[in-house]
Every structure is written in C-alpha cells, then in structure tokens.
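Working notes, structure below.
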Amino acid sequence: MAATAAERIVIENVAIATVDAQDTEYASGHVVVAGNRIESVGGGKAPAGLTDVVRRIDGTGHLVTPGLVNTHHHFYQWITRGIATDHNLFNWLVTLYPTWARIDEQMVRAAAQGSLAMMARGGVTTAMDHHYVFPQGSGDLSSAIIGAASEMGVRFTLARGSMDRSEKDGGLPPDFAVETLDDALAATEATIDQHHDASFDAMTRIAAAPCSPFSVSTELLKQGAELARRKGVRLHTHGSETVEEEQFCKELFGMGPTDYFESTGWLGDDVWMAHCVHMNDSDIAAFARTGTGVAHCPSSNARLAAGIARVPDMLKAGVPVGLGVDGTASNESGELHTELRNALLINRLGAHREAALNARQALRLGTYGGAQVLGRAAEIGSLEPGKLADLVLWKMDTLAHASIADPVTALVFGAAAPVTLSLVNGRTVVEDNHLTTVDEDAIARSTRDEAQRLARIAAQG
C-alpha cells in the first residue's frame, strides 16, 4: 500500500549519493520518507523521536540513490527482440515495420508489462514510452500502455507518437501503419485530455511526439508543436540518429536535422530528442541556446552502428542530457543500468578518451539528467527534502561489488547491483530484487505468447 501522509520509512547506516547540485554524499547516513515525500537526508542516524515509523531499515552494505529515470523507449518492441541483429537503422526499420504494423492492444499491453517490469526491477522509478505505431483497428493502445504502467506502480510519461509519411510518400512505414495528419493530431489531443496530469506528484504525464523526420510530414511537426504548447505538454521526437538521416533531411528539406527542427518549432526547453548522435558544434550550440534536451541511448546506438554521441561536449555546453533504454528490438537487455555503464565506456572511445565521463557524471545522467529532460527536476532526480520519494536501495556487499571501496564506482562500473528496495511515490515497487506489484512469471509467459502470436500473423502477410 502507498504510505499515508503520517507514515514514515527510515533507512539508516547507508551510503548515500544524493545527486543534488553539490553532489553531496554520505559514507553512512540516513533517509527519512514521510508519505510520498523525502523528509530528511543526512549523515549519521535519523533524527530522534520520529513518530508513525512503519518501517526501519538497516542499510549496512547498501547504497541509496535517486531512482533511475528512463527518457526514451518503445515498449511494443519487447515482443520483437532478437531480430535483425546485424542491421543498421534504416535496414532494421525496413525489416521490422511490416511486423510492427500488425500489433494490437493485447500485444502492446503485454509488451509494455515486459518492458516496465525489466526496468523497474533494475532500479527505474520513472519510465517513458514513445509509442508511434497505431495500425488501423488495433484498439486503444495508449490506454493499454498507461494501464500497464499504473499497475506496475512506476511514474510514467507516455510520448504519444504519430506517423503520417508512409511508403507511398517516401517514408519507411507501410501505408496501413500510419495515420492521417488530422487523425494524428486529434488522437494526440484526446490522449492529453484523458490522461495528462500536471500536478507535482503526477504518476502519468503525456507528451506530443511525432516519430521522426523521415516518417512524419513537416505539417505534422509544426502543428504537433503548436498543439503541445497550447495544451502545456512537452515535445519529443528522434533526431540526428544516423548519417543517413542527415542526408535524408538535406535531400528533402535542403538543411540538416537541427536546422530543420528549428524551422518547424522543434527547439526549446520543452523539447527533448532521442539519440542526437551526429551533431556538429553549431547543432550543440543551438540545443544549449534553446534548452533542448537529449535522451542518450548508448546501447542502441552501438547495436545499430549509429555512432557515438558527443555527450561530453553537450554537457560542457549546458545541454540537458538523460539516458534512454530505447526499444528492446535494438537493446535486448531492456534495463537502464546497462546505459549508466555504457554511456561511460562508449564515450571514452570518443575524442575525450578517459576524460569523457566519470562514474558520478554517469549516475547524474541516469537520475537528475533524466528528470531535467522530462521536465521534472523540481520533483524527482535527486534525494532532497521535499522531493518525491522515488529512491533505490542497492545491495553493494555481494561478490559482485564487495571489493570496490567506492559504492558509486561499484554501481556504475560493476555488474548490475541487486535492488533491495525501490520506492516510487513512497510505495514499495521492488523488494529483495523482485517486483511486488505484479507477477513476473505471468508477464514472462504473456510476452512470450504475444511474441509468438505476432510472428505468426506477420508470417501470414
């Protein structure tokens, strides 16, 4: 059950990485949660005389951090994992779009459950899904995804995507997998009206999210941005993911992706874009000047041979950067700890080498950086009094980590750490490395069955 306003959870004798503005850390300290808020964080024991303590945890051998924040995903891809594993982005899309175009509500709900379960079990407390495939007659896909997130108990942003540029218009998706301009805008607005919650402790928010420059029309981008700003929601899309995308934009629009996005109203502090691999100095400066955010997806970028995003340069320029799993058809592990580690390691293969990122910068990308990108830095992303009680207690005294003295280094550089406790809004979502809100085995069976059903339908053409 969720904690009431008077109930307190106390964690003591624990290493703490607050990820606040000063990167405050405590080798042994306490965190007190009251209701759905963090009440106090500090060194030593919790304050004496606390009332209504419903749980007191000895955190010896553990590290507590803010919950991980995922800023880019495609949940439906959970049921098409392990396909086209040796393809670049465009060939991968061409291979998979005919299958994706046959998804339905039951498949999407199962895939969302699988994606969410994997992330939540690995320390994600805030998730997002960029869903942009709405085949004709497929059912209420947005409500299916939101229902899965609500059942799991994670904080959630649905980026209601759309595509209106199909094969007949020079795009990649099959004709029957796209919407008309008017239908896409109307459905996005209806989803916002039905599901968006702007309150401080909101569990569900909506963003407007036309898919990408090569699958949506210029008019959908322009009117989508106007719609989002009229409704007061954020904007999300894919940008500058591959060299081929840059060539596509120059051939079709006479300019590169960043200039094209700016011409359509798609730069601003209410916008975040996925990938942003192929950006020059001018592109990075434009993002910094406008406050446009980036969802960095290192595992997917490597899997699809897209390249290495210039994350150190973005951070130096002041661009908000978070981490994303991306769809599990291009990141089969489907969890965010991999992205902490790979963001650090892959960026060290770039121009900055060993100075590219360190462990604490990687942790910040996966927590506070993600909160910035989703527009929720005042509410989540760091352990500070008054913020929402989204936190993770990582077990760091097992064989995998016990010989690493610094717990943050152990968490980022080491193997995935077991999650002893994960709280979202003060509610327990993970206990002793197992989900408490759903049946993991049932989800595994359901996702397997739906993957097989989709494969059969796709094979029939």
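We label chains A, B, ... in the order they appear in the structure tokens, count residues from 1 in each chain, and number ligands from 1 in the order shown.
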Subject >> Distance query Ser299 of chain A at most 12 Å, only C-alpha atoms, self and fewer than 5 positions along chain excluded, as a PyMOL selection string >> reply: chain A and resi 275+304-309+323-347
Subject >> Spatial neighbours of segment 410-420 of chain A, max dist 10 Å, only C-alpha atoms, sep filter under 6 positions, as a ChimeraX atom specification >> reply: /A:59,62-64,120-123,335-345,358-363,392-398,400-404,430-435
For the residues in that selection, give me C-alpha atoms as a PDB file, in the first residue's frame.
ATOM      1  CA  GLY A  59      21.161  -0.119   5.158  1.00  0.00           C
ATOM      2  CA  HIS A  62      23.972  -0.672   0.668  1.00  0.00           C
ATOM      3  CA  LEU A  63      23.964   2.500  -1.422  1.00  0.00           C
ATOM      4  CA  VAL A  64      20.844   4.628  -1.773  1.00  0.00           C
ATOM      5  CA  ALA A 120      11.521  -1.397 -12.582  1.00  0.00           C
ATOM      6  CA  ARG A 121      13.291  -4.494 -11.303  1.00  0.00           C
ATOM      7  CA  GLY A 122      16.576  -2.809 -12.235  1.00  0.00           C
ATOM      8  CA  GLY A 123      16.016   0.454 -10.376  1.00  0.00           C
ATOM      9  CA  GLU A 335      17.182  -2.101 -18.451  1.00  0.00           C
ATOM     10  CA  LEU A 336      18.844   1.192 -17.572  1.00  0.00           C
ATOM     11  CA  HIS A 337      21.876   0.124 -15.514  1.00  0.00           C
ATOM     12  CA  THR A 338      23.418  -1.017 -18.808  1.00  0.00           C
ATOM     13  CA  GLU A 339      23.088   2.567 -20.019  1.00  0.00           C
ATOM     14  CA  LEU A 340      24.914   4.014 -16.980  1.00  0.00           C
ATOM     15  CA  ARG A 341      27.855   1.763 -17.712  1.00  0.00           C
ATOM     16  CA  ASN A 342      27.773   2.008 -21.500  1.00  0.00           C
ATOM     17  CA  ALA A 343      27.386   5.778 -21.505  1.00  0.00           C
ATOM     18  CA  LEU A 344      30.646   5.994 -19.601  1.00  0.00           C
ATOM     19  CA  LEU A 345      32.542   3.309 -21.510  1.00  0.00           C
ATOM     20  CA  ASN A 358      33.239   9.553 -14.782  1.00  0.00           C
ATOM     21  CA  ALA A 359      31.050   7.409 -12.542  1.00  0.00           C
ATOM     22  CA  ARG A 360      29.252  10.311 -10.883  1.00  0.00           C
ATOM     23  CA  GLN A 361      28.504  12.009 -14.176  1.00  0.00           C
ATOM     24  CA  ALA A 362      27.040   8.740 -15.474  1.00  0.00           C
ATOM     25  CA  LEU A 363      24.848   8.404 -12.366  1.00  0.00           C
ATOM     26  CA  VAL A 392      16.556   2.837  -4.823  1.00  0.00           C
ATOM     27  CA  LEU A 393      18.471   0.883  -2.206  1.00  0.00           C
ATOM     28  CA  TRP A 394      21.233  -1.062  -3.981  1.00  0.00           C
ATOM     29  CA  LYS A 395      22.921  -4.049  -2.307  1.00  0.00           C
ATOM     30  CA  MET A 396      26.678  -3.485  -2.682  1.00  0.00           C
ATOM     31  CA  ASP A 397      28.217  -6.105  -0.345  1.00  0.00           C
ATOM     32  CA  THR A 398      27.858  -9.189  -2.561  1.00  0.00           C
ATOM     33  CA  ALA A 400      29.965  -8.653  -7.495  1.00  0.00           C
ATOM     34  CA  HIS A 401      30.867  -5.416  -5.675  1.00  0.00           C
ATOM     35  CA  ALA A 402      32.264  -6.003  -2.188  1.00  0.00           C
ATOM     36  CA  SER A 403      35.919  -5.445  -3.123  1.00  0.00           C
ATOM     37  CA  ILE A 404      35.265  -1.994  -4.675  1.00  0.00           C
ATOM     38  CA  VAL A 430      10.707  -3.790  -5.675  1.00  0.00           C
ATOM     39  CA  GLU A 431      11.683  -5.813  -2.599  1.00  0.00           C
ATOM     40  CA  ASP A 432      14.739  -8.101  -2.489  1.00  0.00           C
ATOM     41  CA  ASN A 433      15.188  -7.917  -6.264  1.00  0.00           C
ATOM     42  CA  HIS A 434      11.592  -8.909  -7.058  1.00  0.00           C
ATOM     43  CA  LEU A 435       8.622  -6.833  -8.156  1.00  0.00           C
TER      44      LEU A 435
END
Subject >> Non-local contacts of segment 191-205 of chain A (8 Å; only C-alpha atoms; under 2 positions in same chain excluded) as a PyMOL selection string >> reply: chain A and resi 142+146+150+154-158+160+187-189+207+231+379+388+425
Those residues you just picked out, can you put them in a file as a short mmCIF file (atom, residue, chain, number, x, y, z; two decimals), in the first residue's frame with N, CA and C atoms?
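Below is the file that was written, result-v8.cif:
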data_model
loop_
_atom_site.label_atom_id
_atom_site.label_comp_id
_atom_site.auth_asym_id
_atom_site.auth_seq_id
_atom_site.Cartn_x
_atom_site.Cartn_y
_atom_site.Cartn_z
N SER A 142 -2.87 3.51 -26.38
CA SER A 142 -2.37 4.43 -25.35
C SER A 142 -2.88 4.03 -23.97
N ILE A 146 -0.63 2.92 -20.65
CA ILE A 146 -0.78 3.65 -19.39
C ILE A 146 -1.30 2.74 -18.30
N SER A 150 0.47 1.99 -14.69
CA SER A 150 -0.26 2.22 -13.44
C SER A 150 -0.26 0.96 -12.58
N VAL A 154 4.94 2.52 -11.43
CA VAL A 154 6.04 3.42 -11.74
C VAL A 154 5.50 4.76 -12.21
N ARG A 155 6.30 5.80 -12.03
CA ARG A 155 5.95 7.10 -12.57
C ARG A 155 6.18 7.04 -14.08
N PHE A 156 5.33 7.73 -14.86
CA PHE A 156 5.32 7.41 -16.29
C PHE A 156 4.98 8.63 -17.15
N THR A 157 5.70 8.75 -18.27
CA THR A 157 5.34 9.69 -19.34
C THR A 157 5.09 8.91 -20.61
N LEU A 158 3.91 9.05 -21.17
CA LEU A 158 3.63 8.50 -22.49
C LEU A 158 3.84 9.60 -23.52
N ARG A 160 2.97 10.37 -26.84
CA ARG A 160 2.01 9.88 -27.83
C ARG A 160 2.55 10.22 -29.22
N ALA A 187 -6.04 12.48 -32.17
CA ALA A 187 -5.77 11.42 -31.19
C ALA A 187 -4.79 11.87 -30.14
N THR A 188 -3.78 12.65 -30.51
CA THR A 188 -2.83 13.17 -29.54
C THR A 188 -3.52 14.08 -28.55
N GLU A 189 -4.36 14.97 -29.04
CA GLU A 189 -5.07 15.88 -28.14
C GLU A 189 -6.01 15.12 -27.22
N ALA A 207 3.24 13.51 -23.50
CA ALA A 207 3.97 14.41 -24.38
C ALA A 207 3.50 14.19 -25.81
N LYS A 231 -1.54 22.96 -25.20
CA LYS A 231 -2.03 22.10 -24.11
C LYS A 231 -1.08 22.09 -22.92
N GLU A 379 10.92 17.86 -8.94
CA GLU A 379 10.14 16.84 -8.22
C GLU A 379 10.93 15.57 -7.93
N LEU A 388 9.85 14.13 -4.23
CA LEU A 388 9.05 12.91 -4.17
C LEU A 388 9.92 11.72 -3.79
N ASN A 425 6.99 7.14 -5.24
CA ASN A 425 5.93 7.90 -4.57
C ASN A 425 5.67 7.35 -3.16
#
Original post:
Got a sec to tell me which of segment 38-257 of chain A DSSP assigns to alpha helix (DSSP H), as a ChimeraX atom specification?
Top reply: /A:89-100,105-121,141-152,181-195,218-231,243-253,257
Run DSSP on the backbone of this structure and report the residues of segment 96-174 of chain A it assigns to strand (DSSP E), as a PDB file with N, CA and C atoms, in the first residue's frame.
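For reference, result-v9.pdb as written:
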ATOM      1  N   VAL A 124      14.626   1.457 -12.136  1.00  0.00           N
ATOM      2  CA  VAL A 124      13.928   2.575 -12.778  1.00  0.00           C
ATOM      3  C   VAL A 124      12.656   2.877 -11.994  1.00  0.00           C
ATOM      4  N   THR A 125      12.499   4.135 -11.610  1.00  0.00           N
ATOM      5  CA  THR A 125      11.285   4.568 -10.909  1.00  0.00           C
ATOM      6  C   THR A 125      10.415   5.481 -11.777  1.00  0.00           C
ATOM      7  N   THR A 126      11.032   6.088 -12.793  1.00  0.00           N
ATOM      8  CA  THR A 126      10.276   6.889 -13.758  1.00  0.00           C
ATOM      9  C   THR A 126      10.599   6.384 -15.157  1.00  0.00           C
ATOM     10  N   ALA A 127       9.574   5.992 -15.887  1.00  0.00           N
ATOM     11  CA  ALA A 127       9.743   5.445 -17.232  1.00  0.00           C
ATOM     12  C   ALA A 127       9.013   6.321 -18.230  1.00  0.00           C
ATOM     13  N   MET A 128       9.387   6.173 -19.494  1.00  0.00           N
ATOM     14  CA  MET A 128       8.619   6.810 -20.562  1.00  0.00           C
ATOM     15  C   MET A 128       8.534   5.856 -21.738  1.00  0.00           C
ATOM     16  N   ASP A 129       7.518   6.053 -22.554  1.00  0.00           N
ATOM     17  CA  ASP A 129       7.350   5.242 -23.756  1.00  0.00           C
ATOM     18  C   ASP A 129       6.987   6.156 -24.913  1.00  0.00           C
ATOM     19  N   HIS A 130       7.766   6.068 -25.980  1.00  0.00           N
ATOM     20  CA  HIS A 130       7.449   6.788 -27.219  1.00  0.00           C
ATOM     21  C   HIS A 130       6.755   5.788 -28.125  1.00  0.00           C
ATOM     22  N   HIS A 131       5.433   5.836 -28.125  1.00  0.00           N
ATOM     23  CA  HIS A 131       4.670   4.894 -28.950  1.00  0.00           C
ATOM     24  C   HIS A 131       4.092   5.635 -30.136  1.00  0.00           C
ATOM     25  N   ARG A 155       6.295   5.797 -12.028  1.00  0.00           N
ATOM     26  CA  ARG A 155       5.953   7.103 -12.575  1.00  0.00           C
ATOM     27  C   ARG A 155       6.177   7.042 -14.083  1.00  0.00           C
ATOM     28  N   PHE A 156       5.334   7.727 -14.864  1.00  0.00           N
ATOM     29  CA  PHE A 156       5.318   7.415 -16.290  1.00  0.00           C
ATOM     30  C   PHE A 156       4.977   8.628 -17.154  1.00  0.00           C
ATOM     31  N   THR A 157       5.699   8.746 -18.270  1.00  0.00           N
ATOM     32  CA  THR A 157       5.342   9.688 -19.338  1.00  0.00           C
ATOM     33  C   THR A 157       5.092   8.906 -20.612  1.00  0.00           C
ATOM     34  N   LEU A 158       3.907   9.050 -21.172  1.00  0.00           N
ATOM     35  CA  LEU A 158       3.628   8.499 -22.494  1.00  0.00           C
ATOM     36  C   LEU A 158       3.839   9.598 -23.516  1.00  0.00           C
ATOM     37  N   ALA A 159       4.822   9.397 -24.390  1.00  0.00           N
ATOM     38  CA  ALA A 159       5.007  10.297 -25.525  1.00  0.00           C
ATOM     39  C   ALA A 159       4.140   9.751 -26.656  1.00  0.00           C
ATOM     40  N   ARG A 160       2.970  10.367 -26.836  1.00  0.00           N
ATOM     41  CA  ARG A 160       2.014   9.875 -27.833  1.00  0.00           C
ATOM     42  C   ARG A 160       2.554  10.219 -29.223  1.00  0.00           C
ATOM     43  N   GLY A 161       3.102   9.207 -29.859  1.00  0.00           N
ATOM     44  CA  GLY A 161       3.742   9.400 -31.152  1.00  0.00           C
ATOM     45  C   GLY A 161       2.754   9.361 -32.304  1.00  0.00           C
ATOM     46  N   SER A 162       3.294   9.579 -33.503  1.00  0.00           N
ATOM     47  CA  SER A 162       2.456   9.555 -34.698  1.00  0.00           C
ATOM     48  C   SER A 162       3.350   9.500 -35.928  1.00  0.00           C
TER      49      SER A 162
END
**OP:** Write out as a ChimeraX atom specification which residues come within 7 Å of Gly291 of chain A when counting only C-alpha atoms, dropping same-chain ones fewer than 4 positions away.
**Re:** /A:268-269,287,319-320
Subject >> Interatomic distance (Å, one decimal) between atom CA of Thr218 of chain A and atom CA of Arg102 of chain A >> reply: 25.9 Å
